[in-house]
Amino acid sequence: MSLRQKTFIIIISTLIILILLLVAVFSLILLDSFGALEQQSAERNLQRALNALSDDLGTLTISGKDWAYWDETNAYLRGENERYAEDTLIDAPFIGYNLNLVLLLNDEGEILHSRAYDLTTKEVVPLPQGIEAFLQRDHPLMAGLALPASVVNPDATTGIILLPDGPMLVVALPVLDTEGRGPSVGMMIWGRFLDDYAVANLSELTRQSLRIETLQNGVLPGDFLLALEQMPTPESRVVRVLNQDTIAAYAALPDINGEPAALLRVDIPRDIYHEGQRTILYLLASLMVAGLVFGGVVMVLLEGSVISRVTRLNGDVARIGLSADSAEHVQVDGEDEIAGLSKRINAMVDALRLARHQSEQNLKTRNDELEQRVQQRTAELTNANTLLRAEIQEREKAQVALQAARDRAVEALQFKNRVLANISHDVRTPLNVITGYVEILQDEAHGTLTSKQNDLLARINWNAGELQGFINNLLDYAQMEMQRIVLKNAPFTVSQLVEEVVSSLAAQAEQKGLSLVTEIDAALPPTLVGDVQRLKQVLLNLVENALKFTEQGSITIRLHQPDAEHWALQVRDTGLGISPTAQYRVFEPFWQVDGSATRRNNSGVGLGLSIVQELSRLMQGEVHLESEIGSGSTFTVVLPLLPAPTGEVIT
Amino acid sequence: MKRPLALIIEDDDELNEIFGYALRTALYDTEHLRDGVQATKRLRELVPHLIVLDLHLPQRSGMDLLTDIKADPRFRETVVLIVSADPRMADLLRDQVDLVLIKPVSLKHLSDLALRFHARLSQQQI
């Protein structure tokens, strides 16, 4: 909520509270006064009505005296004026005096003349009921019945009597002579009903709204009853508010005995009270107008001297916060607190600007540095990236080239193996023809052979065997190169393996004059698990290799167990030995010991040891070579020991 | 006593002749065939005691012939001897036939084997 709104609300609510307080106070005081005034006025009016009634009775008494102190009346009562009643007592006096009843009684209290009249219909009516009770000799009304001659102009008996038909105003006069002197000859009684007619006349006379209710019937309208209850004494006056527009004043009318006979009510319009209400309304309206004017003026003054300045100050500060203009300041006018605040704000703004300027400078410097560093680093990274990309491209190229080379190599290898397989096939058939014919000749089916011929045939046969071995190795090696060999492990008998190898090579050894020795360690289990064909191949190759390079001495095949988890195949010869440099190369394919001296005896290329090494690896083992030039070589193949379950030996 | 008949199916003439020599040494009558189709025809007409079969044959392969022979109940008693120049193929066939020999085949070895079958046949006939 803005300051302006708050101020506005404070002023308005203060004014409203003030006005409400004033209205409450005024209402209490003013309405009270007006109420009192109203009551006084009502009482006055009531008094006036009572006076009017009293005056009326006075007038009636005076008129009555004209009739009662008249010789004609006197003579009639004395029985001397027979025509009096017919000539005089006609309708005219009834109407003239507004009478309902005229009675003439003699000094005995006997009624000589009686006449009742309805003033509304202008007709003679019967005497009202209950009137007899008031005509007894001892009744106060009849006080003037037997007055002595000494009486002069006595008081009339007047008052109200209650009859069943309603209260009646009566005047009772003794009939005297014209001078008003006694003795009385009888009584004249005039009566007038205080009925609607009389009340209407009275109202007209007093110009007030009057109403009279008799107490005789015991049935009173509510407000009369309440007023009666409020009267402490019969003489009291009661004022009551009838409704919004009317106030009523009540007074009891006593009968001839002084008892309350009827209640008179005077209705008065509440003009005074309404005037008071209007006055309060005008007061309220003028207070409101004054309040609004006052509030407006206060508002305008506050607006000019405080609110607008504070608002502007607020706007200025907000604008300064947003603005980049370093010259902008809060406007300062006057010398009061707001001006002081503005000055301090300006000082603060200047200080802040200075600080901001400094920190911006600082930040800018750092930013520049940072940017420079980022640029530098970006440049470095870009360079590195370029280099890296180039490297990646080169590598990709190299990769592609490598892949191509590898594909070519694989292709070449496959081609080589196909060629080898074909060569093997194509060589074996003619080789078989050669060995076949040699055997036929050796059978001497075509004549006896000389020893020289037999020797030559044996040489052919031996070389054919070499060729066959070479082809077998070549194919095995090619298969190994393609990693196509799958081991078929099964239990086998160790001694049988050695025997088979020895028996197939014994002839060759014998031919060269070499002894072939076998040693099987007793500790070695007689049965092991392995691929017996491949083991045989390993052993054959090792022994064949030894045979090639040994001219004299022996070749020893030894099987033993170097430790608990391995067993070893060892072939030791007493041959030429292998130089340390050559030892590294003996396992390479197509490599053989160089030198013309050995050449003749070592035909073929060296695939045997390569196959030994490959097969050993395939069987999770390894080959070791110990050799010295001149003292022979020892090849040892160490393999994992897999003892056979008993009773499952395949021979 | 009539000699048992050996059928030699081998496309190389000289080798065919050499195998024939070895089997005759083992007292067989020999008949020589050079290609698969010829051999198929001949095998419909007779049931030899022994067949020497080269796998590498013109017109119809030795493998096809072998399949026929194994499927035909007439050859239940016939000894089939494969002669191959391919050690890998020989490995594969070892379980299906009586013997697989890899070239070069020793004459003496072949004739010894044939003699051994000859003795078996003689015992059956007796």
# chains A, B, ... in the order shown; residues from 1 in each chain; ligands from 1
call {"tool": "residues_around", "arguments": {"residues": "Val47 of chain B", "least_positions_apart": "5", "cutoff": "12 Å", "atoms": "only C-alpha atoms", "output": "list in words"}}
result
Pro4, Leu5, Ala6, Leu7, Glu31, Ala39, Thr40, Lys41, Arg42, Ile69, Asp72, Pro73, Arg74, Phe75, Arg76, Glu77, Thr78, Val79 and Val80 of chain B
call {"tool": "closest_atom_pairs", "arguments": {"of": "chain B", "to": "chain A", "cutoff": "12 Å", "atoms": "only C-alpha atoms", "output": "tab-separated table"}}
result
residue	atom	partner	partner_atom	distance
B:Glu10	CA	A:Thr429	CA	10.4
B:Asp11	CA	A:Thr429	CA	10.3
B:Asp12	CA	A:Thr429	CA	7.8
B:Asp13	CA	A:Val433	CA	9.7
B:Glu14	CA	A:Val433	CA	6.5
B:Leu15	CA	A:Val433	CA	5.5
B:Asn16	CA	A:Val433	CA	9.2
B:Glu17	CA	A:Val433	CA	9.4
B:Ile18	CA	A:Gly436	CA	6.0
B:Phe19	CA	A:Gly436	CA	8.2
B:Gly20	CA	A:Gly436	CA	10.8
B:Tyr21	CA	A:Ile440	CA	8.1
B:Ala22	CA	A:Ile440	CA	8.6
B:Thr25	CA	A:Ala445	CA	10.3
B:Asp54	CA	A:Thr429	CA	10.6
B:Leu55	CA	A:His425	CA	11.2
B:His56	CA	A:His425	CA	9.4
B:Val83	CA	A:Thr429	CA	10.2
B:Ser84	CA	A:His425	CA	8.4
B:Ala85	CA	A:His425	CA	4.9
B:Asp86	CA	A:His425	CA	6.2
B:Pro87	CA	A:Asn472	CA	8.4
B:Arg88	CA	A:Leu475	CA	9.5
B:Met89	CA	A:Ala421	CA	11.2
B:Asp91	CA	A:Gln533	CA	11.6
B:Leu101	CA	A:Asn432	CA	11.6
B:Ile102	CA	A:Arg428	CA	8.7
B:Lys103	CA	A:Arg428	CA	5.5
B:Pro104	CA	A:Asn432	CA	4.1
B:Val105	CA	A:Asn432	CA	6.1
B:Ser106	CA	A:Gly436	CA	6.8
B:Leu107	CA	A:Gly436	CA	6.0
B:Lys108	CA	A:Glu439	CA	7.7
B:His109	CA	A:Glu439	CA	10.7
B:Leu110	CA	A:Gly436	CA	10.6
B:Ser111	CA	A:Glu439	CA	11.5
call {"tool": "select_by_dssp", "arguments": {"residues": "segment 33-119 of chain B", "states": "strand (DSSP E)", "output": "VMD selection string"}}
result
chain B and resid 33 50 to 54 79 to 84 99 to 102
call {"tool": "residues_around", "arguments": {"residues": "Leu547 of chain A", "least_positions_apart": "6", "cutoff": "8 Å", "atoms": "only C-alpha atoms", "output": "VMD selection string"}}
result
chain A and resid 508 to 509 555
call {"tool": "write_last_selection", "arguments": {"atoms": "C-alpha atoms", "output": "PDB file, in the first residue's frame"}}
result
ATOM      1  CA  GLN A 508      67.460 -94.650 -39.708  1.00  0.00           C
ATOM      2  CA  ALA A 509      69.518 -94.526 -36.504  1.00  0.00           C
ATOM      3  CA  ILE A 555      70.419 -89.950 -29.086  1.00  0.00           C
TER       4      ILE A 555
END
call {"tool": "residues_around", "arguments": {"residues": "Ala68 of chain A", "least_positions_apart": "4", "cutoff": "12 Å", "atoms": "only C-alpha atoms", "output": "number ranges by chain"}}
result
A: 60-64, 72-77, 102-105, 144, 153-154, 156, 171-182, 184-190
call {"tool": "write_last_selection", "arguments": {"atoms": "C-alpha atoms", "output": "tab-separated table (two decimals), in the first residue's frame"}}
result
chain	number	residue	atom	x	y	z
A	60	LEU	CA	-73.39	26.15	29.98
A	61	THR	CA	-73.87	27.05	33.67
A	62	ILE	CA	-74.33	30.71	32.84
A	63	SER	CA	-76.84	29.85	30.12
A	64	GLY	CA	-78.61	27.49	32.50
A	72	GLU	CA	-91.66	31.53	33.73
A	73	THR	CA	-89.70	28.46	34.85
A	74	ASN	CA	-90.41	29.30	38.48
A	75	ALA	CA	-94.15	29.62	37.76
A	76	TYR	CA	-94.17	26.32	35.79
A	77	LEU	CA	-92.67	24.44	38.73
A	102	VAL	CA	-83.42	18.72	30.06
A	103	LEU	CA	-85.14	17.83	33.36
A	104	LEU	CA	-87.39	19.93	35.51
A	105	LEU	CA	-88.18	18.64	38.99
A	144	GLY	CA	-80.21	22.71	45.19
A	153	ASN	CA	-77.43	33.13	43.50
A	154	PRO	CA	-76.04	29.89	44.79
A	156	ALA	CA	-74.61	25.45	40.37
A	171	VAL	CA	-75.40	21.28	35.17
A	172	ALA	CA	-77.90	21.14	38.06
A	173	LEU	CA	-79.44	24.45	39.13
A	174	PRO	CA	-82.09	25.31	41.76
A	175	VAL	CA	-84.98	27.15	40.20
A	176	LEU	CA	-85.13	30.59	41.88
A	177	ASP	CA	-86.68	33.84	41.06
A	178	THR	CA	-85.26	36.16	38.43
A	179	GLU	CA	-83.00	37.78	40.99
A	180	GLY	CA	-81.62	34.44	41.94
A	181	ARG	CA	-83.06	34.48	45.40
A	182	GLY	CA	-84.65	31.58	47.33
A	184	SER	CA	-86.00	27.21	45.48
A	185	VAL	CA	-89.13	25.74	43.92
A	186	GLY	CA	-87.43	22.82	42.21
A	187	MET	CA	-84.43	21.80	40.14
A	188	MET	CA	-83.46	22.27	36.51
A	189	ILE	CA	-80.91	19.77	35.18
A	190	TRP	CA	-79.18	20.08	31.81
call {"tool": "select_by_dssp", "arguments": {"residues": "segment 247-299 of chain A", "states": "alpha helix (DSSP H)", "output": "PyMOL selection string"}}
result
chain A and resi 271-299
call {"tool": "residues_around", "arguments": {"residues": "segment 638-645 of chain A", "least_positions_apart": "6", "cutoff": "10 Å", "atoms": "only C-alpha atoms", "output": "count of residues only"}}
result
32
call {"tool": "atom_distance", "arguments": {"atom1": "atom CA of Pro183 of chain A", "atom2": "atom CA of His139 of chain A"}}
result
19.3 Å
call {"tool": "residues_around", "arguments": {"residues": "segment 282-295 of chain A", "least_positions_apart": "5", "cutoff": "9 Å", "atoms": "only C-alpha atoms", "output": "number ranges by chain"}}
result
A: 8, 11-12, 15-16, 18-20, 22-23, 26, 277, 300
call {"tool": "residues_around", "arguments": {"residues": "Arg60 of chain B", "least_positions_apart": "4", "cutoff": "7 Å", "atoms": "only C-alpha atoms", "output": "list of chain:residue names"}}
result
B:Asp35, B:Gly36, B:Val37, B:Asp64
